[in-house]
$ cat input06.csv   # CSV, C-alpha atoms
chain,number,residue,atom,x,y,z
A,1,MET,CA,0.0,0.0,0.0
A,2,THR,CA,1.3,3.5,-0.8
A,3,ALA,CA,2.2,5.4,2.3
A,4,ALA,CA,0.6,8.7,3.1
A,5,ALA,CA,3.0,11.6,3.6
A,6,PRO,CA,4.0,11.7,7.3
A,7,SER,CA,3.0,14.8,9.2
A,8,ALA,CA,4.6,16.0,12.4
A,9,PRO,CA,2.4,15.8,15.6
A,10,ARG,CA,1.3,19.2,16.9
A,11,ARG,CA,2.2,20.2,20.4
A,12,PRO,CA,-0.8,20.2,22.8
A,13,ALA,CA,0.2,23.7,24.0
A,14,ARG,CA,-0.8,25.0,20.6
A,15,ALA,CA,-4.3,23.6,20.9
A,16,LEU,CA,-4.6,25.1,24.4
A,17,ARG,CA,-3.2,28.6,23.5
A,18,THR,CA,-6.7,30.3,23.5
A,19,PRO,CA,-9.2,28.2,25.5
A,20,GLN,CA,-12.6,29.7,25.5
A,21,ARG,CA,-14.1,30.8,28.9
A,22,TYR,CA,-17.1,28.8,30.0
A,23,GLN,CA,-18.9,29.2,33.4
A,24,LEU,CA,-20.2,26.0,34.9
A,25,ASN,CA,-23.5,25.8,36.7
A,26,LYS,CA,-23.8,24.0,40.1
A,27,HIS,CA,-24.5,20.6,38.4
A,28,ALA,CA,-21.4,20.7,36.3
A,29,LEU,CA,-19.3,22.0,39.2
A,30,ALA,CA,-20.4,19.0,41.2
A,31,VAL,CA,-19.0,16.8,38.5
A,32,ILE,CA,-15.6,18.5,38.7
A,33,ALA,CA,-15.6,18.3,42.5
A,34,GLY,CA,-16.6,14.6,42.4
A,35,GLY,CA,-13.7,13.7,40.0
A,36,HIS,CA,-15.8,12.4,37.1
A,37,PRO,CA,-14.1,13.0,33.8
A,38,TRP,CA,-17.3,13.9,31.9
A,39,VAL,CA,-19.8,16.7,32.1
A,40,PHE,CA,-23.0,15.5,30.5
A,41,ARG,CA,-25.1,17.6,28.2
A,42,ASP,CA,-28.0,17.9,30.6
A,43,GLN,CA,-25.7,19.4,33.2
A,44,LEU,CA,-24.8,22.4,31.0
A,45,SER,CA,-26.4,25.8,30.8
A,46,SER,CA,-28.1,27.1,27.6
A,47,ALA,CA,-24.9,29.1,26.8
A,48,ALA,CA,-23.2,25.9,25.7
A,49,THR,CA,-25.1,26.0,22.4
A,50,ALA,CA,-22.7,28.8,21.2
A,51,LEU,CA,-19.6,26.5,21.7
A,52,ALA,CA,-17.9,25.0,18.7
A,53,ASP,CA,-17.4,21.3,18.4
A,54,GLY,CA,-13.9,20.5,19.7
A,55,GLN,CA,-13.4,23.8,21.4
A,56,TRP,CA,-10.9,23.8,24.4
A,57,LEU,CA,-12.5,25.4,27.4
A,58,ALA,CA,-11.3,27.1,30.6
A,59,LEU,CA,-13.9,26.2,33.1
A,60,TYR,CA,-15.0,28.8,35.7
A,61,ASP,CA,-17.1,28.6,38.8
A,62,GLY,CA,-19.5,31.3,40.1
A,63,ALA,CA,-16.6,33.1,42.0
A,64,ASN,CA,-14.9,33.6,38.7
A,65,GLN,CA,-12.1,31.1,39.5
A,66,ILE,CA,-10.8,28.6,37.0
A,67,VAL,CA,-11.6,25.1,38.3
A,68,GLY,CA,-10.4,23.1,35.3
A,69,HIS,CA,-10.0,22.7,31.5
A,70,GLY,CA,-11.9,20.5,29.1
A,71,ILE,CA,-12.9,19.8,25.5
A,72,TYR,CA,-16.4,20.5,24.2
A,73,GLN,CA,-18.2,17.8,22.2
A,74,ALA,CA,-21.2,19.0,20.2
A,75,GLU,CA,-23.0,15.7,19.8
A,76,GLY,CA,-23.8,12.8,22.1
A,77,ALA,CA,-24.5,12.6,25.8
A,78,VAL,CA,-21.0,13.7,26.9
A,79,ALA,CA,-20.6,17.5,26.4
A,80,ILE,CA,-17.3,18.3,28.1
A,81,ARG,CA,-14.3,15.9,28.6
A,82,ILE,CA,-12.2,17.1,31.5
A,83,VAL,CA,-8.5,17.4,30.6
A,84,ALA,CA,-7.3,18.8,34.0
A,85,ARG,CA,-8.6,20.1,37.3
A,86,GLY,CA,-7.5,23.3,39.0
A,87,PRO,CA,-6.4,26.6,37.6
A,88,ALA,CA,-3.2,25.5,35.9
A,89,ARG,CA,-3.5,25.2,32.1
A,90,PRO,CA,-2.4,21.7,30.8
A,91,ASP,CA,0.8,21.9,28.9
A,92,ALA,CA,3.5,19.5,27.4
A,93,ALA,CA,5.1,19.0,30.8
A,94,SER,CA,1.9,18.1,32.8
A,95,LEU,CA,0.4,16.0,30.0
A,96,GLY,CA,3.8,14.3,29.4
A,97,ALA,CA,3.9,13.3,33.1
A,98,VAL,CA,0.5,11.8,32.8
A,99,ILE,CA,1.5,9.7,29.8
A,100,ASP,CA,4.8,8.6,31.4
A,101,ALA,CA,2.9,7.4,34.5
A,102,ALA,CA,0.5,5.4,32.4
A,103,LEU,CA,3.4,3.7,30.6
A,104,ALA,CA,5.0,2.9,33.9
A,105,ARG,CA,1.9,1.1,35.1
A,106,ARG,CA,2.1,-1.1,32.0
A,107,GLU,CA,5.7,-2.2,32.4
A,108,PRO,CA,4.7,-5.6,34.0
A,109,LEU,CA,3.1,-6.6,30.7
A,110,ALA,CA,6.4,-6.4,28.8
A,111,ALA,CA,7.3,-10.0,29.9
A,112,GLU,CA,4.1,-11.3,28.3
A,113,THR,CA,3.4,-9.3,25.2
A,114,ASP,CA,4.6,-6.5,22.9
A,115,ALA,CA,1.0,-5.4,22.2
A,116,ILE,CA,-0.5,-3.0,24.8
A,117,ARG,CA,-3.0,-0.2,25.1
A,118,ALA,CA,-0.5,2.5,26.1
A,119,LEU,CA,-3.2,5.1,26.8
A,120,HIS,CA,-6.8,4.3,27.7
A,121,GLY,CA,-8.5,7.7,27.4
A,122,GLU,CA,-10.0,9.3,30.5
A,123,SER,CA,-9.0,6.4,32.7
A,124,ASP,CA,-5.4,7.3,32.1
A,125,GLY,CA,-6.0,11.1,32.2
A,126,VAL,CA,-5.9,11.7,28.5
A,127,PRO,CA,-9.5,12.3,27.5
A,128,GLY,CA,-10.8,11.1,24.2
A,129,VAL,CA,-7.4,9.6,23.2
A,130,VAL,CA,-6.6,5.9,22.7
A,131,VAL,CA,-3.1,4.8,21.8
A,132,ASP,CA,-2.3,1.1,21.2
A,133,VAL,CA,1.0,-0.5,20.4
A,134,PHE,CA,1.5,-3.6,18.2
A,135,GLY,CA,5.1,-4.6,18.0
A,136,ASP,CA,6.9,-1.7,16.4
A,137,VAL,CA,3.7,0.1,15.4
A,138,VAL,CA,1.8,2.7,17.4
A,139,VAL,CA,-1.8,3.3,16.5
A,140,VAL,CA,-3.7,6.4,17.8
A,141,GLN,CA,-7.4,7.1,17.6
A,142,THR,CA,-9.5,10.0,19.1
A,143,TYR,CA,-13.1,10.1,20.1
A,144,VAL,CA,-13.7,13.9,20.0
A,145,PRO,CA,-12.5,16.4,17.3
A,146,GLY,CA,-10.7,18.7,19.7
A,147,ALA,CA,-8.5,15.9,21.0
A,148,ARG,CA,-6.9,15.1,17.6
A,149,ALA,CA,-3.8,17.2,18.0
A,150,LEU,CA,-3.4,16.0,21.6
A,151,GLY,CA,-3.7,12.4,20.3
A,152,ARG,CA,-1.0,12.8,17.7
A,153,TRP,CA,1.3,14.4,20.3
A,154,ALA,CA,0.6,11.7,22.8
A,155,ALA,CA,1.3,9.0,20.2
A,156,ALA,CA,4.6,10.6,19.4
A,157,ARG,CA,5.6,10.7,23.1
A,158,VAL,CA,4.6,7.0,23.5
A,159,ALA,CA,6.6,6.0,20.4
A,160,ARG,CA,9.6,7.9,21.6
A,161,ALA,CA,9.4,6.4,25.1
A,162,LEU,CA,9.1,2.8,23.8
A,163,GLY,CA,11.4,3.2,20.8
A,164,LYS,CA,8.7,2.5,18.1
A,165,PRO,CA,9.4,3.7,14.6
A,166,THR,CA,5.9,3.8,13.1
A,167,ILE,CA,2.9,5.8,14.1
A,168,VAL,CA,-0.5,5.3,12.4
A,169,GLU,CA,-3.6,7.5,12.9
A,170,LYS,CA,-7.1,6.0,12.5
A,171,PRO,CA,-9.8,8.6,11.8
A,172,PRO,CA,-11.8,9.9,14.8
A,173,ARG,CA,-14.8,7.8,15.8
A,174,ARG,CA,-17.2,10.7,15.3
A,175,GLY,CA,-17.4,14.4,14.3
A,176,ARG,CA,-14.9,16.1,11.9
A,177,GLY,CA,-12.6,13.7,10.2
A,178,ALA,CA,-14.7,10.6,10.9
A,179,GLY,CA,-14.8,9.5,7.3
A,180,GLU,CA,-11.1,10.0,6.6
A,181,ARG,CA,-8.6,7.3,5.6
A,182,VAL,CA,-6.0,5.8,7.9
A,183,ARG,CA,-2.9,8.0,7.9
A,184,LEU,CA,0.8,7.3,8.4
A,185,LEU,CA,2.2,9.9,10.8
A,186,ARG,CA,5.7,8.4,11.1
A,187,GLY,CA,7.5,5.5,9.5
A,188,ALA,CA,8.5,4.0,6.2
A,189,ALA,CA,5.1,2.6,5.1
A,190,LEU,CA,1.5,2.2,6.3
A,191,PRO,CA,1.3,-1.4,7.5
A,192,ASP,CA,-1.6,-3.6,6.4
A,193,VAL,CA,-0.8,-6.3,8.9
A,194,VAL,CA,1.2,-6.1,12.2
A,195,ALA,CA,2.3,-9.2,14.1
A,196,PHE,CA,2.6,-9.4,17.9
A,197,ARG,CA,3.2,-11.9,20.6
A,198,GLU,CA,1.0,-12.6,23.6
A,199,GLY,CA,2.3,-15.3,25.9
A,200,PRO,CA,2.4,-18.5,23.8
A,201,LEU,CA,0.4,-17.0,21.0
A,202,ARG,CA,1.5,-15.3,17.8
A,203,LEU,CA,-1.3,-13.0,16.6
A,204,ALA,CA,-1.9,-10.4,13.9
A,205,ALA,CA,-3.9,-7.2,13.5
A,206,SER,CA,-4.8,-4.8,10.8
A,207,PRO,CA,-4.4,-1.1,11.7
A,208,VAL,CA,-6.0,-0.2,8.4
A,209,ALA,CA,-9.0,-2.4,8.3
A,210,GLY,CA,-9.4,-3.9,11.7
A,211,GLN,CA,-11.9,-3.1,14.5
A,212,LYS,CA,-10.8,-0.6,17.1
A,213,SER,CA,-7.1,0.1,16.5
A,214,GLY,CA,-6.6,-3.2,14.7
A,215,THR,CA,-8.0,-5.9,17.0
A,216,PHE,CA,-9.4,-6.4,20.5
A,217,LEU,CA,-6.5,-6.0,22.9
A,218,ASP,CA,-9.0,-5.9,25.8
A,219,LEU,CA,-9.6,-9.6,25.4
A,220,ARG,CA,-6.0,-10.5,26.3
A,221,GLY,CA,-7.2,-11.7,29.7
A,222,LEU,CA,-9.6,-14.2,28.1
A,223,ARG,CA,-7.0,-15.4,25.7
A,224,ARG,CA,-4.7,-16.0,28.6
A,225,GLU,CA,-7.4,-17.8,30.5
A,226,LEU,CA,-8.2,-20.1,27.5
A,227,ALA,CA,-4.6,-20.8,26.6
A,228,GLY,CA,-3.8,-21.7,30.2
A,229,ARG,CA,-6.7,-24.2,30.6
A,230,ASP,CA,-6.5,-27.9,29.9
A,231,LEU,CA,-8.6,-28.1,26.8
A,232,ALA,CA,-7.0,-31.3,25.4
A,233,GLY,CA,-9.1,-32.8,22.7
A,234,ALA,CA,-11.9,-30.2,23.0
A,235,ARG,CA,-14.2,-28.9,20.3
A,236,VAL,CA,-14.8,-25.2,20.5
A,237,LEU,CA,-17.6,-23.1,19.1
A,238,ASP,CA,-16.6,-19.4,18.9
A,239,LEU,CA,-19.6,-17.2,18.2
A,240,PHE,CA,-18.9,-13.6,17.0
A,241,SER,CA,-15.3,-14.8,16.5
A,242,TYR,CA,-13.9,-11.9,14.6
A,243,THR,CA,-10.5,-13.0,13.3
A,244,GLY,CA,-10.2,-16.0,15.6
A,245,GLY,CA,-7.8,-14.9,18.3
A,246,LEU,CA,-9.8,-16.6,21.0
A,247,GLY,CA,-10.0,-19.8,19.0
A,248,ARG,CA,-6.2,-19.8,18.6
A,249,ALA,CA,-5.8,-19.4,22.3
A,250,CYS,CA,-8.1,-22.5,22.7
A,251,VAL,CA,-5.8,-24.5,20.4
A,252,ALA,CA,-2.8,-23.4,22.5
A,253,GLY,CA,-4.7,-25.0,25.4
A,254,GLY,CA,-5.0,-28.3,23.5
A,255,ALA,CA,-8.3,-27.9,21.6
A,256,ARG,CA,-8.5,-30.2,18.6
A,257,GLU,CA,-11.1,-28.2,16.6
A,258,VAL,CA,-12.5,-24.7,16.5
A,259,LEU,CA,-15.6,-23.6,14.6
A,260,HIS,CA,-15.4,-19.8,14.2
A,261,VAL,CA,-18.7,-18.1,13.3
A,262,ASP,CA,-19.0,-14.4,12.4
A,263,ALA,CA,-21.0,-12.2,10.1
A,264,SER,CA,-17.9,-10.5,8.6
A,265,GLU,CA,-16.4,-12.4,5.6
A,266,ASP,CA,-13.3,-10.1,5.8
A,267,ALA,CA,-12.7,-10.9,9.4
A,268,LEU,CA,-12.9,-14.6,8.8
A,269,ALA,CA,-10.6,-14.4,5.8
A,270,PHE,CA,-8.1,-12.5,7.9
A,271,GLY,CA,-8.3,-15.2,10.6
A,272,ALA,CA,-7.9,-18.0,8.1
A,273,ALA,CA,-4.8,-16.3,6.7
A,274,HIS,CA,-3.1,-15.4,10.1
A,275,HIS,CA,-4.7,-17.4,13.0
A,276,ALA,CA,-5.3,-20.9,11.6
A,277,ASP,CA,-3.5,-23.9,12.9
A,278,ALA,CA,-3.4,-26.8,10.4
A,279,GLY,CA,-6.6,-28.9,10.6
A,280,ALA,CA,-7.9,-27.2,13.8
A,281,HIS,CA,-10.0,-24.4,12.4
A,282,ARG,CA,-13.3,-24.1,10.4
A,283,TRP,CA,-14.7,-20.7,9.4
A,284,GLN,CA,-18.5,-20.1,9.0
A,285,ARG,CA,-19.9,-16.8,7.8
A,286,ALA,CA,-23.4,-16.3,9.3
A,287,ASP,CA,-25.7,-14.1,11.3
A,288,ILE,CA,-25.4,-15.8,14.6
A,289,PHE,CA,-28.9,-14.9,15.8
A,290,GLU,CA,-30.3,-16.7,12.7
A,291,TRP,CA,-27.7,-19.4,12.4
A,292,LEU,CA,-27.5,-20.7,16.0
A,293,PRO,CA,-31.2,-21.9,16.2
A,294,THR,CA,-30.5,-24.0,13.0
A,295,LEU,CA,-27.5,-25.8,14.5
A,296,ASP,CA,-28.2,-29.5,15.0
A,297,ARG,CA,-29.1,-30.0,18.7
A,298,GLY,CA,-26.7,-33.0,18.9
A,299,ASP,CA,-23.7,-30.8,17.9
A,300,LYS,CA,-21.9,-30.4,21.2
A,301,PHE,CA,-18.8,-28.5,22.2
A,302,GLU,CA,-16.6,-28.6,25.2
A,303,VAL,CA,-16.2,-24.9,25.0
A,304,VAL,CA,-18.7,-22.3,23.7
A,305,ILE,CA,-17.6,-18.7,23.5
A,306,VAL,CA,-20.2,-15.9,23.0
A,307,ASP,CA,-18.8,-12.4,22.4
A,308,PRO,CA,-21.5,-10.3,20.7
A,309,PRO,CA,-21.0,-6.6,19.7
A,310,SER,CA,-22.3,-4.0,22.1
A,311,MET,CA,-25.6,-3.5,20.2
A,312,THR,CA,-26.3,-0.3,22.3
A,313,SER,CA,-25.9,3.3,21.4
A,314,SER,CA,-28.2,4.7,24.1
A,315,MET,CA,-29.7,3.6,27.5
A,316,ASP,CA,-33.2,3.1,26.1
A,317,GLN,CA,-31.9,0.2,24.0
A,318,VAL,CA,-30.7,-1.8,27.0
A,319,PRO,CA,-33.9,-3.7,27.6
A,320,ARG,CA,-34.0,-4.8,24.0
A,321,VAL,CA,-30.3,-6.0,24.2
A,322,LEU,CA,-30.8,-7.8,27.4
A,323,ALA,CA,-33.8,-9.7,25.8
A,324,ALA,CA,-31.5,-10.5,22.9
A,325,TYR,CA,-28.9,-11.8,25.3
A,326,ASP,CA,-31.5,-14.0,27.0
A,327,LYS,CA,-32.5,-15.6,23.7
A,328,LEU,CA,-28.8,-16.0,22.6
A,329,TYR,CA,-27.7,-17.8,25.8
A,330,ARG,CA,-30.7,-20.0,25.9
A,331,ALA,CA,-29.9,-21.2,22.4
A,332,ALA,CA,-26.1,-21.5,23.1
A,333,LYS,CA,-26.4,-23.6,26.3
A,334,GLY,CA,-27.8,-26.6,24.5
A,335,HIS,CA,-24.6,-27.0,22.6
A,336,VAL,CA,-22.3,-27.3,25.7
A,337,THR,CA,-21.2,-30.8,26.6
A,338,ASP,CA,-21.8,-32.1,30.1
A,339,GLY,CA,-19.1,-30.5,32.3
A,340,GLY,CA,-18.2,-28.1,29.5
A,341,LEU,CA,-17.5,-24.3,29.6
A,342,LEU,CA,-19.6,-21.4,28.3
A,343,VAL,CA,-17.9,-18.0,28.1
A,344,ALA,CA,-20.1,-15.0,28.1
A,345,CYS,CA,-18.9,-11.5,27.1
A,346,CYS,CA,-20.4,-8.1,27.1
A,347,CYS,CA,-18.7,-5.0,25.7
A,348,THR,CA,-20.9,-2.1,26.6
A,349,SER,CA,-20.9,0.0,29.8
A,350,ARG,CA,-24.6,0.7,29.4
A,351,ILE,CA,-25.2,-2.8,30.6
A,352,VAL,CA,-23.9,-2.9,34.2
A,353,ARG,CA,-22.2,-6.0,35.6
A,354,GLY,CA,-25.1,-7.0,37.9
A,355,ALA,CA,-27.6,-6.9,35.0
A,356,PHE,CA,-25.3,-8.9,32.8
A,357,ARG,CA,-24.6,-11.6,35.4
A,358,HIS,CA,-28.4,-11.9,36.2
A,359,THR,CA,-29.4,-12.0,32.5
A,360,VAL,CA,-26.9,-14.7,31.5
A,361,GLY,CA,-27.4,-16.7,34.7
A,362,THR,CA,-31.1,-16.7,34.3
A,363,ALA,CA,-30.9,-17.8,30.7
A,364,LEU,CA,-28.5,-20.6,31.5
A,365,GLY,CA,-30.5,-21.8,34.5
A,366,LYS,CA,-29.6,-24.2,37.3
A,367,GLY,CA,-27.6,-26.4,34.9
A,368,PHE,CA,-24.7,-23.9,34.9
A,369,ALA,CA,-22.6,-22.4,37.6
A,370,LEU,CA,-20.5,-19.2,37.4
A,371,GLU,CA,-16.9,-20.4,37.7
A,372,ARG,CA,-15.0,-17.2,37.2
A,373,GLU,CA,-15.4,-13.5,36.4
A,374,LEU,CA,-12.4,-12.0,34.7
A,375,THR,CA,-11.1,-8.6,35.8
A,376,PRO,CA,-9.9,-5.8,33.4
A,377,GLU,CA,-6.3,-5.9,32.2
A,378,VAL,CA,-3.9,-3.4,33.6
A,379,ASP,CA,-3.7,-1.5,30.3
A,380,HIS,CA,-7.5,-1.1,30.3
A,381,PRO,CA,-8.1,0.5,33.7
A,382,VAL,CA,-11.6,1.4,34.9
A,383,GLY,CA,-11.2,4.9,36.2
A,384,PHE,CA,-14.9,5.7,36.4
A,385,PRO,CA,-18.2,3.8,36.0
A,386,GLN,CA,-18.7,4.4,32.3
A,387,ALA,CA,-15.3,2.9,31.6
A,388,ASP,CA,-16.4,-0.5,33.0
A,389,TYR,CA,-17.5,-1.8,29.6
A,390,LEU,CA,-16.0,-5.2,29.2
A,391,LYS,CA,-17.4,-8.1,31.3
A,392,VAL,CA,-16.3,-11.7,30.9
A,393,LEU,CA,-18.0,-14.6,32.7
A,394,VAL,CA,-16.9,-18.2,32.6
A,395,PHE,CA,-19.7,-20.7,33.4
A,396,ARG,CA,-19.4,-24.5,33.7
A,397,SER,CA,-22.1,-27.0,33.0
A,398,ARG,CA,-23.1,-28.7,36.3
A,399,ARG,CA,-23.7,-31.9,34.5
A,400,PRO,CA,-20.6,-34.1,35.0
A,401,PRO,CA,-18.8,-35.4,31.9
A,402,PRO,CA,-19.2,-39.1,31.1
A,403,GLY,CA,-17.1,-41.3,33.4
A,404,ALA,CA,-16.5,-38.6,36.0

$ encode --input "input06.csv" --output "structure tokens"
Amino acid sequence: MTAAAPSAPRRPARALRTPQRYQLNKHALAVIAGGHPWVFRDQLSSAATALADGQWLALYDGANQIVGHGIYQAEGAVAIRIVARGPARPDAASLGAVIDAALARREPLAAETDAIRALHGESDGVPGVVVDVFGDVVVVQTYVPGARALGRWAAARVARALGKPTIVEKPPRRGRGAGERVRLLRGAALPDVVAFREGPLRLAASPVAGQKSGTFLDLRGLRRELAGRDLAGARVLDLFSYTGGLGRACVAGGAREVLHVDASEDALAFGAAHHADAGAHRWQRADIFEWLPTLDRGDKFEVVIVDPPSMTSSMDQVPRVLAAYDKLYRAAKGHVTDGGLLVACCCTSRIVRGAFRHTVGTALGKGFALERELTPEVDHPVGFPQADYLKVLVFRSRRPPPGA
């Protein structure tokens, strides 16, 4: 692929040179005082309608004192993402210290993997910015237009600190620039595929075409869990498999066969090219909600993995999604062997842990027991309630396997 012309990351100080004054009402001030990194739209005064999308703000209280700085977002429930609290304006030194501290917290991962989330947005003190590292490639993506310059600068600091030669920018998730192509900010060429290690696994991601920054680094804990279990001779059904990283982890644990099912032909093709062990993988393109009820009732698996997309963009969709989960897990449980495992995943913060556990547990019924609930990885910290999006539950069928 032809590389785009590299562009130098802008200093964050330039973006902060002329922050606009904005006075907070008592509701928004309570957010600042409480330490939450978001001011929601319904907590703003009507004066916010005059703000530009992506505008950096100096936030004032009723006594005309600066209480913090933030970035305005014109669309969505979140209106202001807090960059810093207190009167001091964020600059290269203060933001650099935040980034350095985040990298220090990830140092224990180096023995296991060369693919990490270097910056996890607000939970690491860099709002709206995600920076992932795959081998020698740094990938940055922002969630709000005004954080784009900050994201590029943060990615450059991460690359310098870790000695990585290549920086790739994926377009913002929303707002200005959302439809742009992936850009090479630094390096010789834009990589279509990057390889990385994760314990015993050798995996691949696509910064250009892949989900998120290329793949789902947040599922490392589940890959570790599966690769470390005794799955000798197991058959695995991986629903919503994406490129098959979880299935490859099962093979590392001894599984003899994995059936990957996903709606994306491109994801399955990528998996077949990069994550297939000879004779161990089959790839099925299908809408899981339509396909699963048609699967022969006698087709059983020692491990069934269910990792659906979030399916929610607002809180009013939660009841519908929970109903879909109920139907999905009632269908999936019939394909788990006696004594087998069912792995249930949820990737939206709009469904809280208690509701997810209750919904899945009720759908599975008394025939299954919750064996383990995985905790977030150190590079995906949960700094506030809305950051607690990924839930992974491991259930075991109570029915003993034959001969036990």

$ residues_around --input "input06.csv" --residues "region 228-238 of chain A" --least-positions-apart "3" --cutoff "10 Å" --atoms "only C-alpha atoms" --output "ChimeraX atom specification"
/A:199-200,222-225,241-242,244-247,249-262,280-283,299-307,332,335-337,340-343

$ closest_residue --input "input06.csv" --among "A:Asp266, A:Glu180, A:Asp316, A:Glu198" --to "Gln211 (chain A)" --atoms "only C-alpha atoms"
A:Asp266

$ closest_residue --input "input06.csv" --among "A:Arg285, A:Arg399, A:His36, A:Arg85" --to "Gly70 (chain A)" --atoms "all atoms listed in the file"
A:Arg85

$ residues_near_point --input "input06.csv" --point "(7.5, 2.1, 10.1)" --cutoff "12 Å" --atoms "only C-alpha atoms" --output "PyMOL selection string"
chain A and resi 3-4+6+134-139+159+163-168+184-194

$ closest_residue --input "input06.csv" --among "A:Arg330, A:Arg297, A:Asp132, A:Pro308" --to "Ala263 (chain A)" --atoms "all atoms listed in the file"
A:Pro308

$ atom_distance --input "input06.csv" --atom1 "CA of Tyr22 (chain A)" --atom2 "CA of Gly121 (chain A)"
22.9 Å

$ closest_residue --input "input06.csv" --among "A:Ala227, A:Ala50, A:Val131, A:Val78" --to "Pro207 (chain A)" --atoms "all atoms listed in the file"
A:Val131

$ residues_around --input "input06.csv" --residues "Ala111 (chain A)" --least-positions-apart "3" --cutoff "12 Å" --atoms "only C-alpha atoms" --output "mmCIF file with C-alpha atoms, keeping the file's coordinate frame"
data_model
loop_
_atom_site.group_PDB
_atom_site.id
_atom_site.type_symbol
_atom_site.label_atom_id
_atom_site.label_comp_id
_atom_site.auth_asym_id
_atom_site.auth_seq_id
_atom_site.Cartn_x
_atom_site.Cartn_y
_atom_site.Cartn_z
ATOM 1 C CA ARG A 106 2.100 -1.100 32.000
ATOM 2 C CA GLU A 107 5.700 -2.200 32.400
ATOM 3 C CA PRO A 108 4.700 -5.600 34.000
ATOM 4 C CA ASP A 114 4.600 -6.500 22.900
ATOM 5 C CA ALA A 115 1.000 -5.400 22.200
ATOM 6 C CA ILE A 116 -0.500 -3.000 24.800
ATOM 7 C CA ARG A 197 3.200 -11.900 20.600
ATOM 8 C CA GLU A 198 1.000 -12.600 23.600
ATOM 9 C CA GLY A 199 2.300 -15.300 25.900
ATOM 10 C CA PRO A 200 2.400 -18.500 23.800
#

$ residues_near_point --input "input06.csv" --point "(-24.1, 15.9, 23.9)" --cutoff "12 Å" --atoms "only C-alpha atoms" --output "list in words"
Trp38, Val39, Phe40, Arg41, Asp42, Gln43, Leu44, Ala48, Thr49, Leu51, Asp53, Gly54, Ile71, Tyr72, Gln73, Ala74, Glu75, Gly76, Ala77, Val78, Ala79, Ile80, Arg81, Val144, Gly175 and Ser314 of chain A

$ atom_distance --input "input06.csv" --atom1 "CA of Ala47 (chain A)" --atom2 "CA of Leu24 (chain A)"
9.9 Å

$ closest_residue --input "input06.csv" --among "A:Leu201, A:Pro87, A:Ala161, A:Thr359" --to "Asp277 (chain A)" --atoms "only C-alpha atoms"
A:Leu201

$ closest_residue --input "input06.csv" --among "A:Leu162, A:Ala276, A:Ala92, A:Val392" --to "Leu203 (chain A)" --atoms "all atoms listed in the file"
A:Ala276

$ atom_distance --input "input06.csv" --atom1 "CA of Val394 (chain A)" --atom2 "CA of Leu364 (chain A)"
11.9 Å

$ axis_aligned_box --input "input06.csv" --around "region 55-61 of chain A" --padding-each-side "4 Å" --output "lines of an AutoDock Vina configuration file"
center_x = -14.0
center_y = 26.3
center_z = 30.1
size_x = 14.2
size_y = 13.0
size_z = 25.4

$ residues_around --input "input06.csv" --residues "region 56-68 of chain A" --least-positions-apart "5" --cutoff "10 Å" --atoms "all atoms listed in the file" --output "ChimeraX atom specification"
/A:15-26,28-29,32-33,51,73,80-90,146-147

$ write_last_selection --input "input06.csv" --atoms "C-alpha atoms" --output "CSV table (one decimal), in the coordinates of the input"
chain,number,residue,atom,x,y,z
A,15,ALA,CA,-4.3,23.6,20.9
A,16,LEU,CA,-4.6,25.1,24.4
A,17,ARG,CA,-3.2,28.6,23.5
A,18,THR,CA,-6.7,30.3,23.5
A,19,PRO,CA,-9.2,28.2,25.5
A,20,GLN,CA,-12.6,29.7,25.5
A,21,ARG,CA,-14.1,30.8,28.9
A,22,TYR,CA,-17.1,28.8,30.0
A,23,GLN,CA,-18.9,29.2,33.4
A,24,LEU,CA,-20.2,26.0,34.9
A,25,ASN,CA,-23.5,25.8,36.7
A,26,LYS,CA,-23.8,24.0,40.1
A,28,ALA,CA,-21.4,20.7,36.3
A,29,LEU,CA,-19.3,22.0,39.2
A,32,ILE,CA,-15.6,18.5,38.7
A,33,ALA,CA,-15.6,18.3,42.5
A,51,LEU,CA,-19.6,26.5,21.7
A,73,GLN,CA,-18.2,17.8,22.2
A,80,ILE,CA,-17.3,18.3,28.1
A,81,ARG,CA,-14.3,15.9,28.6
A,82,ILE,CA,-12.2,17.1,31.5
A,83,VAL,CA,-8.5,17.4,30.6
A,84,ALA,CA,-7.3,18.8,34.0
A,85,ARG,CA,-8.6,20.1,37.3
A,86,GLY,CA,-7.5,23.3,39.0
A,87,PRO,CA,-6.4,26.6,37.6
A,88,ALA,CA,-3.2,25.5,35.9
A,89,ARG,CA,-3.5,25.2,32.1
A,90,PRO,CA,-2.4,21.7,30.8
A,146,GLY,CA,-10.7,18.7,19.7
A,147,ALA,CA,-8.5,15.9,21.0

$ decode --input "input06.csv" --residues "region 72-76 of chain A" --atoms "N, CA and C atoms" --output "compact mmCIF listing (two decimals), in the first residue's frame"
# COMPACT_ATOMS: atom_id res chain seq x y z
N TYR A 72 -14.93 20.55 24.49
CA TYR A 72 -16.37 20.50 24.23
C TYR A 72 -16.67 19.55 23.07
N GLN A 73 -17.75 18.77 23.24
CA GLN A 73 -18.21 17.84 22.21
C GLN A 73 -19.65 18.18 21.88
N ALA A 74 -19.94 18.49 20.61
CA ALA A 74 -21.24 19.03 20.22
C ALA A 74 -22.33 17.97 20.15
N GLU A 75 -21.98 16.70 19.96
CA GLU A 75 -22.97 15.66 19.81
C GLU A 75 -22.79 14.58 20.86
N GLY A 76 -23.88 13.91 21.20
CA GLY A 76 -23.81 12.81 22.15
C GLY A 76 -24.11 13.25 23.56
